[in-house]
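Take a look at the structure below.
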Amino acid sequence: MTRIASPNVARNARPYLYGGEEAAIASALSAGQYNHGAVTEEFEQRVAGFLGVPEVVAVASGTAALHVALLAAGVGPGHEVLVPSFTFCATVQAIIATGARPRFIEVNPGTCCVEPAAVLDALKPDTRAVMPVLYGGRAVDLTPARPALDGQGVTVVEDAAQAFGSWQGERRVGATGVVTCFSFGPVKNLTCGLGGAIVPRTPLEADTCRRLRGLGIIESAARRAETTTYTVDGFGMRVQMSPLNAAVGLVQLDHFADAEDRRRSLWRAYAVALDGVDGAVLVDADIERTVPPMCAVRVLDGRRDAVFRTLRNRGIGVGVHYPPNHTQPAFSAWHRPLPVTERLGREIITLPFHQHLTEADAGHVVGELRRALTAGAGR
């Protein structure tokens with residue numbers, strides 16, 4: 001009988017559950033409040049306490065978090081947002097949804113993250129925000145660029161979709177004084193099934209985010225139930241986080257220390273196994289300070305596509321994160337040459353990475369990767 005390895009493709013999109021999630025959902029169902037309620041607010045408070053920040057605003061997805069955060073920062077038509085092309089397309093779609101335009105910038109090929117110098121080089125008079133993407137969960141420190149950004153009134157909105165739990169210095173990502181957006185999608189470090197959150201900088205910004213997520217209505221749901229009217233004071237969307245999703249997140253948060261340990265251990269196992277593998281370069285995740293959502297490598301010498309197909313044919317659930325956005329048809333209006341990003345787009349491959357895996361599974365994946373690389377070199 002053929003052994004179905006744990007790194008197989010079917011596992012990739014399955015969240016890691018701890019056992020209490022079903023009961024938590026059942027409890028939230030029986031409470032009968034499915035749009036926004038006490039469970040959502042408890043989740044917001046618990047996440048804020050975990051991060052060490054005053055407030056967190058929960059929303060329906062990581063994409064919604066980015067969209068709401070940009071709108072709250074005053075980003076709109078006529079503005080430009082600096083963003084790496086090397087990210088999931090949701091990052092760019094959130095910018096376009098505000099009416100602003102993206103200006104794609106380069107990343108460091110060793111980390112796949114933006115550097116302060118690239119931000120400063122791309123800064124223009126109509127730049128209104130910069131959106132660093134915390135690729136692989138790694139924190140991005142734009143401190144050297146902050147005087148210029150602050151002087152021009154440019155808001156830093158972190159796309160920290162992959163970085164929940166990671167650290168920047170002595171503080172968790174989200175507690176470093178910039179607007180931070182998280183995703184709690186199915187395979188993130190902490191899952192709600194689907195969801196996201198914004199860490200605002202001020203109480204006023206928090207209130208703005210809450211109105212934007214709730215159709216622009218000022219009054220809370222509890223307050224509206226007690227009156228004969230309500231007040232809509234501006235644009236808004238229906239992108240609240242359901243208590244059903246928040247209930248899952250609360251269980252996940254109780255076990256987050258375990259998630260940190262398992263994810264770091266798995267990444268280190270990959271790093272050890274990859275040492276000495278010719279033709280594959282590990283993307284540096286700064287693992288001592290990062291809770292990694294994935295393990296990315298660069299496959300050199302034009303062999304990525306062949307290696308990808310070989311591994312998938314062998315049942316290994318590899319992926320590609322990400323095809324560059326500046327080469328996508330939808331974003332062609334903002335294309336500019338980005339040779340580093342374009343090379344990464346031809347080289348990057350992500351290895352199976354989730355908490356169902358063991359260190360032995362990591363060794364198995366790298367063994368198959370080595371075989372694929374050796375076979376390719378022998379042609």
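Simple scheme: letters A, B, ... for chains in structure tokens order, numbers from 1 for residues in each chain, numbers from 1 for ligands in the order shown.
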So that each row is one residue of stretch 105-135 of chain A with an atom at most 10 Å from stretch 64-78 of chain A, can you give its shortest atom pair and the distance in Å to one decimal, using only C-alpha atoms, rows by chain and rising number, as a tab-separated table?
residue	atom	partner	partner_atom	distance
A:Asp126	CA	A:Gly78	CA	7.3
A:Thr127	CA	A:Gly78	CA	9.2
A:Arg128	CA	A:Val75	CA	6.3
A:Ala129	CA	A:Val75	CA	7.2
A:Val130	CA	A:Leu70	CA	9.8
A:Met131	CA	A:Leu66	CA	9.1
Please extract the residues of stretch 82-123 of chain A with a backbone DSSP assignment of alpha helix (DSSP H) and present them as a CSV table (one decimal) with N, CA, C and O atoms, in the first residue's frame.
chain,number,residue,atom,x,y,z
A,89,CYS,N,-2.5,39.1,-3.9
A,89,CYS,CA,-3.2,40.1,-4.6
A,89,CYS,C,-4.2,40.9,-3.8
A,89,CYS,O,-4.6,42.0,-4.1
A,90,ALA,N,-4.6,40.3,-2.6
A,90,ALA,CA,-5.6,41.0,-1.8
A,90,ALA,C,-5.0,42.3,-1.3
A,90,ALA,O,-5.8,43.3,-1.1
A,91,THR,N,-3.7,42.4,-1.0
A,91,THR,CA,-3.1,43.6,-0.6
A,91,THR,C,-3.4,44.7,-1.6
A,91,THR,O,-3.7,45.9,-1.2
A,92,VAL,N,-3.2,44.5,-2.8
A,92,VAL,CA,-3.3,45.4,-3.9
A,92,VAL,C,-4.8,45.8,-4.1
A,92,VAL,O,-5.2,46.9,-4.3
A,93,GLN,N,-5.7,44.8,-4.1
A,93,GLN,CA,-7.1,45.0,-4.2
A,93,GLN,C,-7.6,46.0,-3.2
A,93,GLN,O,-8.5,46.8,-3.4
A,94,ALA,N,-7.1,45.8,-2.0
A,94,ALA,CA,-7.6,46.7,-0.9
A,94,ALA,C,-7.2,48.2,-1.2
A,94,ALA,O,-8.0,49.1,-0.9
A,95,ILE,N,-6.1,48.4,-1.8
A,95,ILE,CA,-5.7,49.8,-2.2
A,95,ILE,C,-6.6,50.3,-3.3
A,95,ILE,O,-7.1,51.4,-3.2
A,96,ILE,N,-6.8,49.5,-4.3
A,96,ILE,CA,-7.7,49.9,-5.4
A,96,ILE,C,-9.1,50.2,-5.0
A,96,ILE,O,-9.8,51.1,-5.5
A,97,ALA,N,-9.6,49.4,-4.0
A,97,ALA,CA,-10.9,49.6,-3.5
A,97,ALA,C,-11.1,51.0,-2.9
A,97,ALA,O,-12.3,51.5,-2.8
A,116,PRO,N,13.6,50.2,4.3
A,116,PRO,CA,13.4,51.6,4.3
A,116,PRO,C,13.9,52.4,3.1
A,116,PRO,O,13.2,53.3,2.7
A,117,ALA,N,15.0,52.0,2.6
A,117,ALA,CA,15.6,52.7,1.4
A,117,ALA,C,14.7,52.6,0.2
A,117,ALA,O,14.5,53.6,-0.5
A,118,ALA,N,14.1,51.5,0.0
A,118,ALA,CA,13.2,51.4,-1.1
A,118,ALA,C,11.9,52.2,-0.9
A,118,ALA,O,11.4,52.8,-1.9
A,119,VAL,N,11.5,52.3,0.3
A,119,VAL,CA,10.3,53.2,0.6
A,119,VAL,C,10.7,54.7,0.3
A,119,VAL,O,9.9,55.4,-0.3
A,120,LEU,N,11.8,55.1,0.8
A,120,LEU,CA,12.2,56.5,0.6
A,120,LEU,C,12.5,56.8,-0.9
A,120,LEU,O,12.1,57.9,-1.3
A,121,ASP,N,13.0,55.9,-1.6
A,121,ASP,CA,13.3,56.1,-3.0
A,121,ASP,C,12.0,56.3,-3.8
A,121,ASP,O,11.9,57.0,-4.8
A,122,ALA,N,10.9,55.6,-3.4
A,122,ALA,CA,9.6,55.7,-4.1
A,122,ALA,C,8.7,56.8,-3.6
A,122,ALA,O,7.6,57.0,-4.2
Expected answer as a PyMOL selection string: strand (DSSP E or B) residues in stretch 122-172 of chain A: chain A and resi 127-130+133+155-159+167-168+171-172
Can you pull out every residue within 9 Å of stretch 202-204 of chain A, counting only C-alpha atoms, but drop anything in the same chain fewer than 5 positions away, and send it as JSON, numbers by chain? {"A": [54, 55, 209]}
For the selection you just gave me, I'd like the residues written to a file as a PDB file, in the first residue's frame, keeping C-alpha atoms.
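Dumped to out_23.pdb:
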ATOM      1  CA  PRO A  54      -5.512  49.506  24.078  1.00  0.00           C
ATOM      2  CA  GLU A  55      -7.905  48.496  21.296  1.00  0.00           C
ATOM      3  CA  CYS A 209     -12.745  51.843  11.858  1.00  0.00           C
TER       4      CYS A 209
END
Applying 6 Å and only C-alpha atoms, which residues near A:Ser166 remain after dropping the ones on its own chain fewer than 6 positions away? List them as a list in words. Arg172, Val173, Arg289, Thr290 and Val291 of chain A
Restricting it to N, CA, C and O atoms, dump the selection as an mmCIF file, in the first residue's frame.
data_model
loop_
_atom_site.group_PDB
_atom_site.id
_atom_site.type_symbol
_atom_site.label_atom_id
_atom_site.label_comp_id
_atom_site.auth_asym_id
_atom_site.auth_seq_id
_atom_site.Cartn_x
_atom_site.Cartn_y
_atom_site.Cartn_z
ATOM 1 N N ARG A 172 5.277 42.891 20.459
ATOM 2 C CA ARG A 172 4.631 42.099 19.422
ATOM 3 C C ARG A 172 4.318 42.985 18.217
ATOM 4 O O ARG A 172 4.060 44.187 18.359
ATOM 5 N N VAL A 173 4.349 42.401 17.042
ATOM 6 C CA VAL A 173 3.811 43.079 15.869
ATOM 7 C C VAL A 173 2.372 43.490 16.193
ATOM 8 O O VAL A 173 1.582 42.694 16.707
ATOM 9 N N ARG A 289 12.397 35.698 16.316
ATOM 10 C CA ARG A 289 11.379 36.710 16.620
ATOM 11 C C ARG A 289 10.094 36.528 15.826
ATOM 12 O O ARG A 289 9.184 37.351 15.937
ATOM 13 N N THR A 290 10.025 35.456 15.054
ATOM 14 C CA THR A 290 8.900 35.277 14.131
ATOM 15 C C THR A 290 8.108 34.023 14.476
ATOM 16 O O THR A 290 8.686 32.991 14.816
ATOM 17 N N VAL A 291 6.782 34.131 14.381
ATOM 18 C CA VAL A 291 5.924 32.945 14.393
ATOM 19 C C VAL A 291 5.587 32.687 12.925
ATOM 20 O O VAL A 291 4.767 33.392 12.335
#
Which of A:Asp258, A:Asp233, A:Asp150, A:Asp159 sits closest to A:Tyr16 [using only C-alpha atoms]: A:Asp258
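The closest residue to A:Gly276, picked from A:Arg138, A:Pro132, A:Val83, A:Val366 and counting only C-alpha atoms, is A:Val366.
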Ranking A:Gly363, A:Gly151, A:Pro109, A:Pro144 by minimum distance to A:Leu338 and counting only C-alpha atoms, which one comes first? A:Pro109
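Here atom CA of A:Ala160 stands at a distance of 5.1 Å from atom CA of A:Phe182.
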Using only C-alpha atoms, the best pick from A:Leu123, A:Val239, A:Leu373, A:Ala28 as closest to A:Gly216 would be A:Val239
Residue nearest A:Gly345 - candidates A:Ala333, A:Ala175, A:Val272, A:Val299, atoms counted: only C-alpha atoms: A:Val299
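Remark: for A:Leu149, the closest of the candidate residues A:Gly165, A:Pro323, A:Pro125, A:Gly174 is A:Pro125 (distances computed over only C-alpha atoms).
The protein and nucleic acid residues lying at most 6 Å from stretch 240-254 of chain A are Glu21, Ala24, Ile25, Ala28, Tyr34, Asn35, His36, Val39, Thr40, Phe43, Ala58, Val59, Ala60, Thr191, Cys192 and Arg213 of chain A, with only C-alpha atoms considered and sequence neighbours fewer than 6 positions away removed.
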Which residues of stretch 170-193 of chain A have any atom within 12 Å of an atom in stretch 354-360 of chain A when counting only C-alpha atoms, and what is the closest pair of atoms for each, with the distance in Å to one decimal? Order the rows by chain and rising number and write it as CSV.
residue,atom,partner,partner_atom,distance
A:Pro186,CA,A:His354,CA,10.8
A:Val187,CA,A:His354,CA,7.4
A:Lys188,CA,A:His354,CA,9.0
A:Asn189,CA,A:His354,CA,8.9
A:Leu190,CA,A:Gln355,CA,11.2
Could you write out that same residue set with N, CA and C atoms as a short mmCIF file (atom, residue, chain, number, x, y, z; two decimals), in the first residue's frame?
data_model
loop_
_atom_site.label_atom_id
_atom_site.label_comp_id
_atom_site.auth_asym_id
_atom_site.auth_seq_id
_atom_site.Cartn_x
_atom_site.Cartn_y
_atom_site.Cartn_z
N PRO A 186 -8.10 30.54 7.28
CA PRO A 186 -8.05 29.12 7.66
C PRO A 186 -6.69 28.59 8.08
N VAL A 187 -5.60 29.05 7.43
CA VAL A 187 -4.29 28.46 7.73
C VAL A 187 -3.32 29.48 8.31
N LYS A 188 -3.85 30.55 8.88
CA LYS A 188 -2.99 31.52 9.53
C LYS A 188 -2.53 31.01 10.90
N ASN A 189 -1.59 31.73 11.50
CA ASN A 189 -1.06 31.33 12.81
C ASN A 189 -2.16 31.15 13.84
N LEU A 190 -3.16 32.02 13.76
CA LEU A 190 -4.37 31.91 14.58
C LEU A 190 -5.55 32.01 13.63
#
